[in-house]
Amino acid sequence: QVRLVESGGGLVQPGGSLRLSCAASGFTFSNYAMSWYRQAPGKERELVARISNRDFSTNYADSVKGRFTISRDNAKNTMYLQMSSLKPEDTAVYYCHAPTLRFWGQGTQVSVSS
């Protein structure tokens with residue numbers, strides 16, 4: 001049974017940092033590229049970052065380049081999203097996604113507000 005469980009969300013002030021985690025189970029994590037998406041209220045879900053399974057190459061949305069870092073630890077079956085210099089417009093539910101499996105986690109709320 002495939003499972004993706006996000007954690008690490010919360011309320012943070014502008015300029016602050018958070019690290020999200022995505023714990024994967026039920027499939028061979030190291031064989032699959034993974035992604036982070038987010039969805040703000042009233043907006044469509046959008047790709048934040050993705051990481052390959054082979055060479056760990058990464059891609060980022062322009063809006064988060066230089067502020068967010070995606071990474072993975074295949075030994076721990078876990079993907080991360082380090083978020084820095086957070087802005088109010090980063091407020092959203094963040095989702096872990098396994099594209100090839102077409103599977104989503106339940107999401108974790110990130111709120112950036114003073």
# chains A, B, ... in the order shown; residues from 1 in each chain; ligands from 1
$ select_by_dssp --residues "chain A" --states "strand (DSSP E)" --output "ChimeraX atom specification"
/A:3-7,10-12,18-25,34-39,46-51,58-60,68-73,78-83,92-98,103-104,108-112
$ residues_around --residues "Tyr37 in chain A" --least-positions-apart "2" --cutoff "6 Å" --atoms "only C-alpha atoms" --output "ChimeraX atom specification"
/A:46-48,94-95
$ residues_around --residues "Ile70 in chain A" --least-positions-apart "5" --cutoff "12 Å" --atoms "only C-alpha atoms" --output "NGL selection string"
:A and (19-22 or 33-37 or 48-52 or 56-61 or 64-65 or 78-84 or 96)
$ closest_residue --among "A:Asn77, A:Asn31, A:Ser85, A:Ser63" --to "Ser17 in chain A" --atoms "only C-alpha atoms"
A:Ser85
$ residues_around --residues "range 97-113 of chain A" --least-positions-apart "6" --cutoff "9 Å" --atoms "only C-alpha atoms" --output "ChimeraX atom specification"
/A:2-16,18,20,22,32-38,86-91
$ closest_residue --among "A:Gln1, A:Arg45, A:Ala24, A:Asn53" --to "Lys76 in chain A" --atoms "only C-alpha atoms"
A:Ala24
$ atom_distance --atom1 "CA of Gln39 in chain A" --atom2 "CA of Arg54 in chain A"
27.5 Å
